[in-house]
Amino acid sequence: MLSLVDRVSGRVRSQVIPDVSEKTIMPILRANIAREARLMTDDGNAYRRYGWTFREHGVVTHGKGEYVNPDDPSIHTNTVEGTFSIFKRGMRGIYQHCATKHLHRYLAEFDFRYSNRVALGVNDKERADLALKASVASA
């Protein structure tokens, strides 16, 4: 699973990926993130070669027990890790089982809920209206 979070809008976009290799991840980053963006990642090998193609590439070295960059506290992966945590808790507590072939559907639901939450000014009625509008549009 790869998730991209826009810290300005608070929106998240996730997708199922077969592996975390550079070959898999970099085309997704290039297609979804503007070159002018500030990319923040962990120290995974997949990001190293192409991180420089973005305006800035901030790195957190989890291998050293680092969760916030000591030189710049705005560089961290806590936001995206928070989305993973919500997804994992939902899968363990609500759904409990998901076939791999349906994983993208569950990710889409959690992305929708995260991107349309109270902290972003979306109340329950507005979220329900958006969900209904999307279901009518896709029918």
# chains A, B, ... in the order shown; residues from 1 in each chain; ligands from 1
$ residues_around --residues "stretch 108-116 of chain A" --least-positions-apart "2" --cutoff "12 Å" --atoms "only C-alpha atoms" --output "number ranges by chain"
A: 1-16, 79-80, 82-91, 94-95, 102-106, 118-131, 134
$ write_last_selection --atoms "N, CA and C atoms" --output "CSV table (one decimal), in the first residue's frame"
chain,number,residue,atom,x,y,z
A,1,MET,N,0.8,-1.2,0.0
A,1,MET,CA,0.0,0.0,0.0
A,1,MET,C,0.9,1.2,0.0
A,2,LEU,N,0.5,2.2,-0.8
A,2,LEU,CA,1.2,3.5,-0.9
A,2,LEU,C,0.2,4.6,-0.7
A,3,SER,N,0.5,5.5,0.2
A,3,SER,CA,-0.4,6.6,0.5
A,3,SER,C,0.3,7.9,0.3
A,4,LEU,N,-0.4,8.9,-0.3
A,4,LEU,CA,0.2,10.2,-0.4
A,4,LEU,C,-0.8,11.1,0.3
A,5,VAL,N,-0.2,12.0,1.2
A,5,VAL,CA,-1.1,12.9,1.9
A,5,VAL,C,-0.6,14.3,1.6
A,6,ASP,N,-1.6,15.2,1.2
A,6,ASP,CA,-1.3,16.6,1.0
A,6,ASP,C,-1.5,17.3,2.3
A,7,ARG,N,-0.5,17.8,2.9
A,7,ARG,CA,-0.6,18.4,4.2
A,7,ARG,C,-1.4,19.7,4.2
A,8,VAL,N,-1.5,20.3,3.1
A,8,VAL,CA,-2.2,21.6,3.0
A,8,VAL,C,-3.7,21.3,3.0
A,9,SER,N,-4.1,20.5,2.1
A,9,SER,CA,-5.6,20.2,1.9
A,9,SER,C,-6.1,19.1,2.9
A,10,GLY,N,-5.2,18.3,3.4
A,10,GLY,CA,-5.5,17.2,4.3
A,10,GLY,C,-6.1,16.0,3.6
A,11,ARG,N,-6.0,16.0,2.3
A,11,ARG,CA,-6.5,14.9,1.5
A,11,ARG,C,-5.5,13.8,1.4
A,12,VAL,N,-6.0,12.5,1.3
A,12,VAL,CA,-5.1,11.4,1.1
A,12,VAL,C,-5.5,10.6,-0.1
A,13,ARG,N,-4.5,10.0,-0.8
A,13,ARG,CA,-4.8,9.1,-1.9
A,13,ARG,C,-3.9,7.9,-1.7
A,14,SER,N,-4.5,6.8,-1.7
A,14,SER,CA,-3.8,5.5,-1.5
A,14,SER,C,-4.1,4.5,-2.6
A,15,GLN,N,-3.1,3.6,-2.8
A,15,GLN,CA,-3.3,2.6,-3.8
A,15,GLN,C,-2.6,1.3,-3.4
A,16,VAL,N,-3.0,0.2,-3.8
A,16,VAL,CA,-2.4,-1.1,-3.6
A,16,VAL,C,-1.2,-1.2,-4.6
A,79,THR,N,2.2,12.1,9.6
A,79,THR,CA,0.8,12.3,9.0
A,79,THR,C,0.4,11.1,8.2
A,80,VAL,N,1.3,10.6,7.3
A,80,VAL,CA,0.9,9.4,6.5
A,80,VAL,C,0.8,8.2,7.4
A,82,GLY,N,-0.2,8.1,10.4
A,82,GLY,CA,-1.5,8.2,11.0
A,82,GLY,C,-2.6,7.6,10.2
A,83,THR,N,-2.5,7.9,8.9
A,83,THR,CA,-3.6,7.3,8.0
A,83,THR,C,-3.4,5.8,7.9
A,84,PHE,N,-2.2,5.3,8.0
A,84,PHE,CA,-2.0,3.8,8.0
A,84,PHE,C,-2.6,3.2,9.3
A,85,SER,N,-2.4,3.9,10.4
A,85,SER,CA,-2.9,3.5,11.7
A,85,SER,C,-4.4,3.4,11.7
A,86,ILE,N,-5.1,4.4,11.1
A,86,ILE,CA,-6.6,4.4,11.0
A,86,ILE,C,-7.0,3.3,10.2
A,87,PHE,N,-6.4,3.1,9.1
A,87,PHE,CA,-6.7,2.0,8.2
A,87,PHE,C,-6.6,0.6,8.9
A,88,LYS,N,-5.4,0.4,9.5
A,88,LYS,CA,-5.2,-0.9,10.2
A,88,LYS,C,-6.2,-1.1,11.3
A,89,ARG,N,-6.5,-0.1,12.1
A,89,ARG,CA,-7.5,-0.3,13.2
A,89,ARG,C,-8.9,-0.6,12.6
A,90,GLY,N,-9.2,0.1,11.5
A,90,GLY,CA,-10.5,-0.2,10.8
A,90,GLY,C,-10.6,-1.6,10.3
A,91,MET,N,-9.5,-2.1,9.7
A,91,MET,CA,-9.5,-3.4,9.2
A,91,MET,C,-9.5,-4.5,10.3
A,94,ILE,N,-13.3,-3.4,12.4
A,94,ILE,CA,-14.6,-3.3,11.8
A,94,ILE,C,-14.7,-4.4,10.8
A,95,TYR,N,-13.8,-4.5,9.8
A,95,TYR,CA,-14.0,-5.5,8.7
A,95,TYR,C,-13.4,-6.8,9.0
A,102,HIS,N,-10.1,-7.1,-3.2
A,102,HIS,CA,-11.0,-6.0,-2.8
A,102,HIS,C,-10.3,-4.9,-2.0
A,103,LEU,N,-9.0,-5.1,-1.8
A,103,LEU,CA,-8.3,-4.1,-0.9
A,103,LEU,C,-8.4,-2.7,-1.4
A,104,HIS,N,-8.3,-2.5,-2.7
A,104,HIS,CA,-8.4,-1.1,-3.3
A,104,HIS,C,-9.7,-0.5,-2.9
A,105,ARG,N,-10.8,-1.2,-2.8
A,105,ARG,CA,-12.1,-0.7,-2.4
A,105,ARG,C,-12.1,-0.2,-0.9
A,106,TYR,N,-11.5,-1.0,-0.1
A,106,TYR,CA,-11.4,-0.6,1.3
A,106,TYR,C,-10.5,0.7,1.5
A,118,VAL,N,-14.2,15.8,10.1
A,118,VAL,CA,-14.6,17.0,10.8
A,118,VAL,C,-13.4,17.9,10.9
A,119,ALA,N,-12.2,17.4,11.1
A,119,ALA,CA,-11.0,18.3,11.3
A,119,ALA,C,-10.8,19.2,10.0
A,120,LEU,N,-11.4,18.8,8.9
A,120,LEU,CA,-11.3,19.5,7.7
A,120,LEU,C,-12.5,20.3,7.4
A,121,GLY,N,-13.4,20.4,8.4
A,121,GLY,CA,-14.6,21.2,8.2
A,121,GLY,C,-15.8,20.4,7.6
A,122,VAL,N,-15.7,19.1,7.4
A,122,VAL,CA,-16.8,18.4,6.8
A,122,VAL,C,-17.6,17.6,7.9
A,123,ASN,N,-18.8,18.0,8.1
A,123,ASN,CA,-19.6,17.3,9.1
A,123,ASN,C,-20.2,16.0,8.6
A,124,ASP,N,-20.9,15.2,9.4
A,124,ASP,CA,-21.5,13.9,9.0
A,124,ASP,C,-22.5,14.1,7.9
A,125,LYS,N,-23.3,15.1,7.9
A,125,LYS,CA,-24.3,15.2,6.9
A,125,LYS,C,-23.6,15.5,5.5
A,126,GLU,N,-22.7,16.5,5.5
A,126,GLU,CA,-21.9,16.8,4.3
A,126,GLU,C,-21.2,15.6,3.7
A,127,ARG,N,-20.6,14.8,4.6
A,127,ARG,CA,-19.9,13.6,4.2
A,127,ARG,C,-20.9,12.6,3.6
A,128,ALA,N,-22.0,12.4,4.2
A,128,ALA,CA,-23.0,11.5,3.6
A,128,ALA,C,-23.5,12.0,2.3
A,129,ASP,N,-23.7,13.3,2.2
A,129,ASP,CA,-24.2,13.9,0.9
A,129,ASP,C,-23.1,13.6,-0.2
A,130,LEU,N,-21.8,13.8,0.2
A,130,LEU,CA,-20.8,13.6,-0.8
A,130,LEU,C,-20.7,12.1,-1.2
A,131,ALA,N,-20.9,11.2,-0.3
A,131,ALA,CA,-20.9,9.8,-0.6
A,131,ALA,C,-22.0,9.4,-1.5
A,134,ALA,N,-21.4,10.8,-5.0
A,134,ALA,CA,-20.4,10.0,-5.7
A,134,ALA,C,-21.0,8.6,-6.2
$ residues_around --residues "stretch 47-52 of chain A" --least-positions-apart "5" --cutoff "9 Å" --atoms "only C-alpha atoms" --output "PyMOL selection string"
chain A and resi 21-22+25-26+39-42+57-58
$ write_last_selection --atoms "N, CA and C atoms" --output "PDB file, in the first residue's frame"
ATOM      1  N   SER A  21       9.336  -1.133  -4.519  1.00  0.00           N
ATOM      2  CA  SER A  21      10.546  -0.870  -5.296  1.00  0.00           C
ATOM      3  C   SER A  21      10.463   0.503  -5.967  1.00  0.00           C
ATOM      4  N   GLU A  22      11.597   1.014  -6.339  1.00  0.00           N
ATOM      5  CA  GLU A  22      11.685   2.288  -7.053  1.00  0.00           C
ATOM      6  C   GLU A  22      10.885   2.221  -8.348  1.00  0.00           C
ATOM      7  N   ILE A  25       7.161   2.608  -7.286  1.00  0.00           N
ATOM      8  CA  ILE A  25       6.773   3.828  -6.587  1.00  0.00           C
ATOM      9  C   ILE A  25       6.995   5.103  -7.393  1.00  0.00           C
ATOM     10  N   MET A  26       8.102   5.237  -8.081  1.00  0.00           N
ATOM     11  CA  MET A  26       8.426   6.509  -8.729  1.00  0.00           C
ATOM     12  C   MET A  26       7.423   6.941  -9.798  1.00  0.00           C
ATOM     13  N   LEU A  39       8.558  16.933  -0.993  1.00  0.00           N
ATOM     14  CA  LEU A  39       8.339  15.510  -0.744  1.00  0.00           C
ATOM     15  C   LEU A  39       8.975  15.124   0.586  1.00  0.00           C
ATOM     16  N   MET A  40       8.230  14.404   1.412  1.00  0.00           N
ATOM     17  CA  MET A  40       8.767  13.922   2.688  1.00  0.00           C
ATOM     18  C   MET A  40       8.543  12.424   2.764  1.00  0.00           C
ATOM     19  N   THR A  41       9.630  11.682   2.981  1.00  0.00           N
ATOM     20  CA  THR A  41       9.555  10.227   3.011  1.00  0.00           C
ATOM     21  C   THR A  41      10.415   9.680   4.142  1.00  0.00           C
ATOM     22  N   ASP A  42      10.301   8.369   4.312  1.00  0.00           N
ATOM     23  CA  ASP A  42      11.253   7.716   5.202  1.00  0.00           C
ATOM     24  C   ASP A  42      12.516   7.453   4.386  1.00  0.00           C
ATOM     25  N   HIS A  57      13.366  17.287  -0.934  1.00  0.00           N
ATOM     26  CA  HIS A  57      13.085  15.927  -0.458  1.00  0.00           C
ATOM     27  C   HIS A  57      13.589  15.809   0.973  1.00  0.00           C
ATOM     28  N   GLY A  58      12.663  15.867   1.915  1.00  0.00           N
ATOM     29  CA  GLY A  58      12.998  15.705   3.319  1.00  0.00           C
ATOM     30  C   GLY A  58      12.913  14.241   3.701  1.00  0.00           C
TER      31      GLY A  58
END
$ closest_residue --among "A:Val136, A:Ala99, A:Ala46, A:Ala31" --to "A:Asp19" --atoms "only C-alpha atoms"
A:Ala46
$ atom_distance --atom1 "atom CA of A:Ile75" --atom2 "atom CA of A:Lys23"
24.4 Å
$ select_by_dssp --residues "chain A" --states "alpha helix (DSSP H)" --output "PyMOL selection string"
chain A and resi 22-32+45-48+78-90+103-115+124-138
$ select_by_dssp --residues "stretch 30-119 of chain A" --states "strand (DSSP E)" --output "ChimeraX atom specification"
/A:38-42,56-60
$ write_last_selection --atoms "C-alpha atoms" --output "CSV table (one decimal), in the first residue's frame"
chain,number,residue,atom,x,y,z
A,38,ARG,CA,8.1,19.3,-0.9
A,39,LEU,CA,8.3,15.5,-0.7
A,40,MET,CA,8.8,13.9,2.7
A,41,THR,CA,9.6,10.2,3.0
A,42,ASP,CA,11.3,7.7,5.2
A,56,GLU,CA,12.8,19.4,-1.8
A,57,HIS,CA,13.1,15.9,-0.5
A,58,GLY,CA,13.0,15.7,3.3
A,59,VAL,CA,14.0,12.4,4.8
A,60,VAL,CA,13.4,10.7,8.2
$ atom_distance --atom1 "atom CA of A:Asp43" --atom2 "atom CA of A:Gly65"
11.3 Å
$ closest_residue --among "A:Asn78, A:Thr53, A:Gly93, A:Val68" --to "A:Ala37" --atoms "only C-alpha atoms"
A:Thr53
